[in-house]
>>> print(open('run_23.csv').read())   # CSV, C-alpha atoms and all ligand atoms
chain,number,residue,atom,x,y,z
A,1,MET,CA,39.9,-36.4,23.8
A,2,ARG,CA,39.9,-34.5,20.5
A,3,GLN,CA,38.0,-37.3,18.9
A,4,ALA,CA,35.4,-37.3,21.7
A,5,GLU,CA,35.0,-33.5,21.3
A,6,TYR,CA,34.5,-33.9,17.6
A,7,GLN,CA,31.8,-36.5,18.2
A,8,HIS,CA,30.1,-34.2,20.7
A,9,VAL,CA,30.0,-31.3,18.3
A,10,LYS,CA,28.7,-33.6,15.5
A,11,ALA,CA,26.0,-34.9,17.8
A,12,GLU,CA,25.0,-31.3,18.8
A,13,ARG,CA,24.9,-30.2,15.2
A,14,GLN,CA,22.6,-33.1,14.3
A,15,LYS,CA,20.4,-32.3,17.2
A,16,MET,CA,20.1,-28.7,16.0
A,17,LYS,CA,19.3,-29.8,12.4
A,18,ASN,CA,16.4,-31.9,13.8
A,19,SER,CA,15.1,-29.1,15.9
A,20,SER,CA,12.1,-27.0,14.8
A,21,LEU,CA,14.0,-23.8,15.5
A,22,TYR,CA,16.6,-24.8,12.9
A,23,ASN,CA,13.9,-25.5,10.4
A,24,GLU,CA,12.3,-22.2,11.1
A,25,LEU,CA,15.6,-20.5,10.5
A,26,ILE,CA,15.9,-22.1,7.1
A,27,ALA,CA,12.3,-21.2,6.3
A,28,ASN,CA,13.0,-17.6,7.2
A,29,ARG,CA,16.1,-17.6,5.0
A,30,THR,CA,13.9,-18.8,2.1
A,31,ARG,CA,11.3,-16.1,2.8
A,32,GLY,CA,14.1,-13.5,2.8
A,33,LYS,CA,15.1,-14.6,-0.7
A,34,GLN,CA,11.6,-14.2,-1.9
A,35,ARG,CA,11.4,-10.7,-0.3
A,36,HIS,CA,14.7,-9.8,-2.0
A,37,TYR,CA,13.2,-11.0,-5.4
A,38,ASN,CA,10.2,-8.8,-4.8
A,39,LEU,CA,12.2,-5.8,-4.1
A,40,THR,CA,14.7,-6.1,-6.9
A,41,ARG,CA,13.5,-8.1,-9.9
A,42,ARG,CA,9.9,-6.9,-9.7
A,43,ASP,CA,10.9,-3.3,-9.3
A,44,ALA,CA,13.2,-3.6,-12.3
A,45,GLU,CA,10.1,-4.7,-14.2
A,46,SER,CA,8.1,-1.7,-12.9
A,47,ILE,CA,10.8,0.6,-13.9
A,48,ARG,CA,10.9,-0.8,-17.4
A,49,PHE,CA,7.2,-0.4,-17.7
A,50,TYR,CA,7.0,3.2,-16.5
A,51,ARG,CA,10.0,4.2,-18.7
A,52,SER,CA,8.4,2.8,-21.9
A,53,GLY,CA,7.4,5.2,-24.6
A,54,GLN,CA,4.0,3.4,-24.9
A,55,TRP,CA,3.2,4.1,-21.3
A,56,LYS,CA,4.3,7.7,-21.4
A,57,GLN,CA,2.1,8.4,-24.4
A,58,ILE,CA,-1.0,6.9,-22.8
A,59,ARG,CA,-0.3,8.5,-19.5
A,60,ASP,CA,0.0,12.0,-21.0
A,61,TYR,CA,-3.1,11.4,-23.1
A,62,ARG,CA,-5.2,10.3,-20.1
A,63,ILE,CA,-4.1,13.3,-18.0
A,64,ALA,CA,-4.9,15.7,-20.9
A,65,TYR,CA,-8.2,14.0,-21.4
A,66,ASP,CA,-9.1,14.5,-17.8
A,67,GLN,CA,-8.2,18.2,-18.2
A,68,TYR,CA,-5.4,18.2,-15.6
A,69,THR,CA,-8.1,17.6,-13.0
A,70,CYS,CA,-7.8,15.0,-10.2
A,71,GLN,CA,-10.8,12.7,-10.8
A,72,CYS,CA,-11.1,12.1,-7.1
A,73,CYS,CA,-10.9,15.5,-5.3
A,74,GLY,CA,-11.7,17.6,-8.4
A,75,ASN,CA,-8.7,20.0,-8.0
A,76,ASN,CA,-6.7,21.2,-11.0
A,77,TYR,CA,-2.9,20.8,-11.0
A,78,GLN,CA,0.0,21.1,-13.3
A,79,ALA,CA,0.9,17.8,-15.1
A,80,ASN,CA,3.9,17.1,-12.9
A,81,ARG,CA,1.7,17.0,-9.9
A,82,LEU,CA,-0.7,14.5,-11.4
A,83,THR,CA,-0.5,10.7,-12.0
A,84,ALA,CA,-2.3,8.5,-14.4
A,85,ASP,CA,-3.2,5.8,-11.9
A,86,HIS,CA,-4.2,2.2,-12.7
A,87,VAL,CA,-7.7,1.9,-11.2
A,88,VAL,CA,-7.1,-1.9,-10.9
A,89,MET,CA,-3.5,-2.2,-9.8
A,90,ARG,CA,-1.1,-2.8,-12.6
A,91,LYS,CA,0.5,-5.8,-11.0
A,92,LEU,CA,-2.9,-7.6,-10.8
A,93,LEU,CA,-3.3,-7.3,-14.5
A,94,PRO,CA,-1.9,-9.3,-17.5
A,95,SER,CA,0.6,-7.2,-19.4
A,96,LYS,CA,-1.9,-6.5,-22.3
A,97,GLN,CA,-4.4,-4.8,-19.9
A,98,GLN,CA,-1.7,-2.8,-18.2
A,99,LEU,CA,-1.9,-0.3,-21.1
A,100,ASP,CA,-5.7,-0.2,-21.2
A,101,TRP,CA,-6.8,3.4,-21.3
A,102,HIS,CA,-10.1,2.7,-19.6
A,103,ASN,CA,-8.3,1.4,-16.5
A,104,LEU,CA,-6.5,4.7,-16.0
A,105,TRP,CA,-7.7,7.9,-14.3
A,106,THR,CA,-5.9,11.1,-13.3
A,107,LEU,CA,-5.2,11.5,-9.6
A,108,CYS,CA,-3.3,14.2,-7.7
A,109,ASN,CA,-0.4,13.1,-5.6
A,110,ARG,CA,-2.4,13.3,-2.4
A,111,CYS,CA,-5.3,11.2,-3.6
A,112,ASN,CA,-2.9,8.8,-5.2
A,113,ALA,CA,-1.0,8.4,-1.9
A,114,VAL,CA,-4.2,7.6,0.0
A,115,LYS,CA,-5.2,5.1,-2.7
A,116,GLN,CA,-1.8,3.4,-2.4
A,117,GLN,CA,-2.2,3.0,1.3
A,118,LEU,CA,-5.6,1.5,0.9
A,119,GLU,CA,-4.3,-0.9,-1.8
A,120,ILE,CA,-1.5,-2.1,0.6
A,121,LYS,CA,-4.1,-2.5,3.3
A,122,PHE,CA,-6.4,-4.6,1.1
A,123,GLN,CA,-3.5,-6.7,-0.1
A,124,LYS,CA,-2.4,-7.4,3.5
A,125,GLU,CA,-6.0,-8.4,4.3
A,126,GLY,CA,-6.0,-10.8,1.3
A,127,LYS,CA,-8.8,-8.8,-0.5
A,128,VAL,CA,-7.3,-9.2,-4.0
A,129,ASN,CA,-10.7,-10.0,-5.6
A,130,GLN,CA,-12.1,-6.8,-4.1
A,131,LEU,CA,-9.1,-4.9,-5.5
A,132,LYS,CA,-9.8,-6.4,-9.0
A,133,ASN,CA,-13.5,-5.3,-8.9
A,134,MET,CA,-13.5,-1.8,-7.5
A,135,SER,CA,-14.7,0.9,-9.9
A,136,LYS,CA,-13.5,4.5,-10.1
A,137,SER,CA,-16.6,5.6,-8.1
A,138,ASP,CA,-15.9,3.0,-5.4
A,139,TRP,CA,-12.4,4.3,-5.0
A,140,LYS,CA,-13.4,7.9,-5.1
A,141,LYS,CA,-15.8,7.3,-2.2
A,142,LEU,CA,-13.2,5.5,-0.1
A,143,ILE,CA,-10.4,7.9,-0.8
A,144,LEU,CA,-12.5,11.0,0.0
A,145,GLU,CA,-13.8,9.3,3.1
A,146,LYS,CA,-10.2,8.8,4.3
A,147,GLU,CA,-9.2,12.4,3.4
A,148,ASN,CA,-12.2,13.8,5.2
A,149,ILE,CA,-11.3,11.9,8.4
A,150,LYS,CA,-7.8,13.4,8.2
A,151,ASN,CA,-9.1,16.9,7.5
A,152,ALA,CA,-12.0,16.9,10.0
A,153,PRO,CA,-11.7,19.6,12.6
A,154,ALA,CA,-10.8,18.5,16.1
A,155,PRO,CA,-14.0,17.7,18.0
A,156,PHE,CA,-14.9,20.1,20.8
A,157,VAL,CA,-14.1,18.7,24.2
A,201,ZN,ZN,-7.0,14.6,-5.6
>>> encode(input="run_23.csv", output="structure tokens")
Amino acid sequence: MRQAEYQHVKAERQKMKNSSLYNELIANRTRGKQRHYNLTRRDAESIRFYRSGQWKQIRDYRIAYDQYTCQCCGNNYQANRLTADHVVMRKLLPSKQQLDWHNLWTLCNRCNAVKQQLEIKFQKEGKVNQLKNMSKSDWKKLILEKENIKNAPAPFV
């Protein structure tokens, strides 16, 4: 009886391994590992970059050069409310170009947040080439458009 039970369990397990559901579970587990890698190892790399003396120097220089003015909405802020943003996302660039001064511009926190949302959206849509080719004025237009929609007064009913 016990032997028969064992055979039954063994057969069931084999059936499960052959099923597409099982294979899907394994595939999901692999994807989970990739996601974990993206969240940990890649972030560690980002942290290293943004802590580097080289980056801090170029960031401060860019913000001073832009006269503490958001290059998108044109408002003035204190340095701690401004970001030197990579026009073409840093992660899309080889490491040498990540410190390219020409690819930086000063953005306020608000405009930067809108740009980040748009970057996530483009990435989800697979528009990586577009992300690599957008100029500062392309971005400015898109970001202001998005902010104006948010700020638009409610239409009369
Ligand atoms: Zn701004």
>>> residues_around(input="run_23.csv", residues="Gln98 (chain A)", least_positions_apart="6", cutoff="10 Å", atoms="all atoms listed in the file", output="list in words")
Phe49, Trp55, His86, Val88, Met89, Arg90, Lys91, Leu92 and Leu104 of chain A
>>> residues_near_ligand(input="run_23.csv", ligand="ligand ZN 201 (chain A)", cutoff="8 Å", atoms="only C-alpha atoms and all ligand atoms", output="tab-separated table (two decimals) with C-alpha atoms, in the coordinates of the input")
chain	number	residue	atom	x	y	z
A	70	CYS	CA	-7.80	15.00	-10.20
A	71	GLN	CA	-10.80	12.70	-10.80
A	72	CYS	CA	-11.10	12.10	-7.10
A	73	CYS	CA	-10.90	15.50	-5.30
A	74	GLY	CA	-11.70	17.60	-8.40
A	75	ASN	CA	-8.70	20.00	-8.00
A	107	LEU	CA	-5.20	11.50	-9.60
A	108	CYS	CA	-3.30	14.20	-7.70
A	109	ASN	CA	-0.40	13.10	-5.60
A	110	ARG	CA	-2.40	13.30	-2.40
A	111	CYS	CA	-5.30	11.20	-3.60
A	112	ASN	CA	-2.90	8.80	-5.20
>>> closest_residue(input="run_23.csv", among="A:Ser46, A:Gln130, A:Gln123, A:Asn76", to="Ser95 (chain A)", atoms="all atoms listed in the file")
A:Ser46
>>> atom_distance(input="run_23.csv", atom1="CA of Lys124 (chain A)", atom2="CA of Arg59 (chain A)")
28.0 Å
>>> atom_distance(input="run_23.csv", atom1="CA of Asp85 (chain A)", atom2="CA of Arg62 (chain A)")
9.6 Å
>>> atom_distance(input="run_23.csv", atom1="CA of Lys115 (chain A)", atom2="CA of Asn103 (chain A)")
14.6 Å
>>> residues_around(input="run_23.csv", residues="Tyr61 (chain A)", least_positions_apart="2", cutoff="12 Å", atoms="only C-alpha atoms", output="JSON, numbers by chain")
{"A": [54, 55, 56, 57, 58, 59, 63, 64, 65, 66, 67, 68, 79, 83, 84, 99, 101, 102, 104, 105, 106]}
>>> write_last_selection(input="run_23.csv", atoms="C-alpha atoms", output="mmCIF file, in the frame of the given file")
data_model
loop_
_atom_site.group_PDB
_atom_site.id
_atom_site.type_symbol
_atom_site.label_atom_id
_atom_site.label_comp_id
_atom_site.auth_asym_id
_atom_site.auth_seq_id
_atom_site.Cartn_x
_atom_site.Cartn_y
_atom_site.Cartn_z
ATOM 1 C CA GLN A 54 4.000 3.400 -24.900
ATOM 2 C CA TRP A 55 3.200 4.100 -21.300
ATOM 3 C CA LYS A 56 4.300 7.700 -21.400
ATOM 4 C CA GLN A 57 2.100 8.400 -24.400
ATOM 5 C CA ILE A 58 -1.000 6.900 -22.800
ATOM 6 C CA ARG A 59 -0.300 8.500 -19.500
ATOM 7 C CA ILE A 63 -4.100 13.300 -18.000
ATOM 8 C CA ALA A 64 -4.900 15.700 -20.900
ATOM 9 C CA TYR A 65 -8.200 14.000 -21.400
ATOM 10 C CA ASP A 66 -9.100 14.500 -17.800
ATOM 11 C CA GLN A 67 -8.200 18.200 -18.200
ATOM 12 C CA TYR A 68 -5.400 18.200 -15.600
ATOM 13 C CA ALA A 79 0.900 17.800 -15.100
ATOM 14 C CA THR A 83 -0.500 10.700 -12.000
ATOM 15 C CA ALA A 84 -2.300 8.500 -14.400
ATOM 16 C CA LEU A 99 -1.900 -0.300 -21.100
ATOM 17 C CA TRP A 101 -6.800 3.400 -21.300
ATOM 18 C CA HIS A 102 -10.100 2.700 -19.600
ATOM 19 C CA LEU A 104 -6.500 4.700 -16.000
ATOM 20 C CA TRP A 105 -7.700 7.900 -14.300
ATOM 21 C CA THR A 106 -5.900 11.100 -13.300
#
>>> decode(input="run_23.csv", residues="region 58-77 of chain A", atoms="N, CA and C atoms", output="short mmCIF file (atom, residue, chain, number, x, y, z; two decimals), in the first residue's frame")
data_model
loop_
_atom_site.label_atom_id
_atom_site.label_comp_id
_atom_site.auth_asym_id
_atom_site.auth_seq_id
_atom_site.Cartn_x
_atom_site.Cartn_y
_atom_site.Cartn_z
N ILE A 58 30.57 67.99 -11.09
CA ILE A 58 29.96 68.35 -12.37
C ILE A 58 28.50 68.79 -12.17
N ARG A 59 27.82 68.15 -11.22
CA ARG A 59 26.44 68.51 -10.89
C ARG A 59 26.37 69.95 -10.37
N ASP A 60 27.23 70.27 -9.41
CA ASP A 60 27.21 71.62 -8.82
C ASP A 60 27.56 72.66 -9.87
N TYR A 61 28.51 72.31 -10.75
CA TYR A 61 28.92 73.23 -11.80
C TYR A 61 27.76 73.51 -12.76
N ARG A 62 27.05 72.44 -13.13
CA ARG A 62 25.93 72.60 -14.07
C ARG A 62 24.83 73.49 -13.47
N ILE A 63 24.52 73.26 -12.20
CA ILE A 63 23.44 74.02 -11.55
C ILE A 63 23.84 75.50 -11.42
N ALA A 64 25.11 75.74 -11.10
CA ALA A 64 25.58 77.13 -11.01
C ALA A 64 25.57 77.78 -12.39
N TYR A 65 26.01 77.03 -13.39
CA TYR A 65 26.03 77.54 -14.77
C TYR A 65 24.62 77.92 -15.22
N ASP A 66 23.65 77.12 -14.85
CA ASP A 66 22.26 77.41 -15.20
C ASP A 66 21.63 78.44 -14.26
N GLN A 67 22.45 79.04 -13.43
CA GLN A 67 22.04 80.13 -12.53
C GLN A 67 20.86 79.76 -11.63
N TYR A 68 20.92 78.52 -11.13
CA TYR A 68 19.92 78.05 -10.16
C TYR A 68 18.49 78.21 -10.69
N THR A 69 18.38 78.04 -12.01
CA THR A 69 17.09 78.21 -12.68
C THR A 69 16.71 76.90 -13.35
N CYS A 70 15.49 76.47 -13.11
CA CYS A 70 15.00 75.27 -13.80
C CYS A 70 14.94 75.59 -15.29
N GLN A 71 15.59 74.76 -16.11
CA GLN A 71 15.67 75.01 -17.54
C GLN A 71 14.37 74.66 -18.26
N CYS A 72 13.43 74.14 -17.49
CA CYS A 72 12.15 73.79 -18.09
C CYS A 72 11.09 74.85 -17.77
N CYS A 73 10.80 75.06 -16.50
CA CYS A 73 9.73 76.01 -16.14
C CYS A 73 10.27 77.42 -15.91
N GLY A 74 11.59 77.56 -15.80
CA GLY A 74 12.19 78.88 -15.68
C GLY A 74 12.18 79.47 -14.28
N ASN A 75 11.76 78.71 -13.28
CA ASN A 75 11.74 79.24 -11.92
C ASN A 75 13.10 79.09 -11.24
N ASN A 76 13.36 80.03 -10.33
CA ASN A 76 14.59 80.01 -9.54
C ASN A 76 14.37 79.26 -8.24
N TYR A 77 15.37 78.49 -7.84
CA TYR A 77 15.26 77.77 -6.57
C TYR A 77 16.61 77.74 -5.89
#
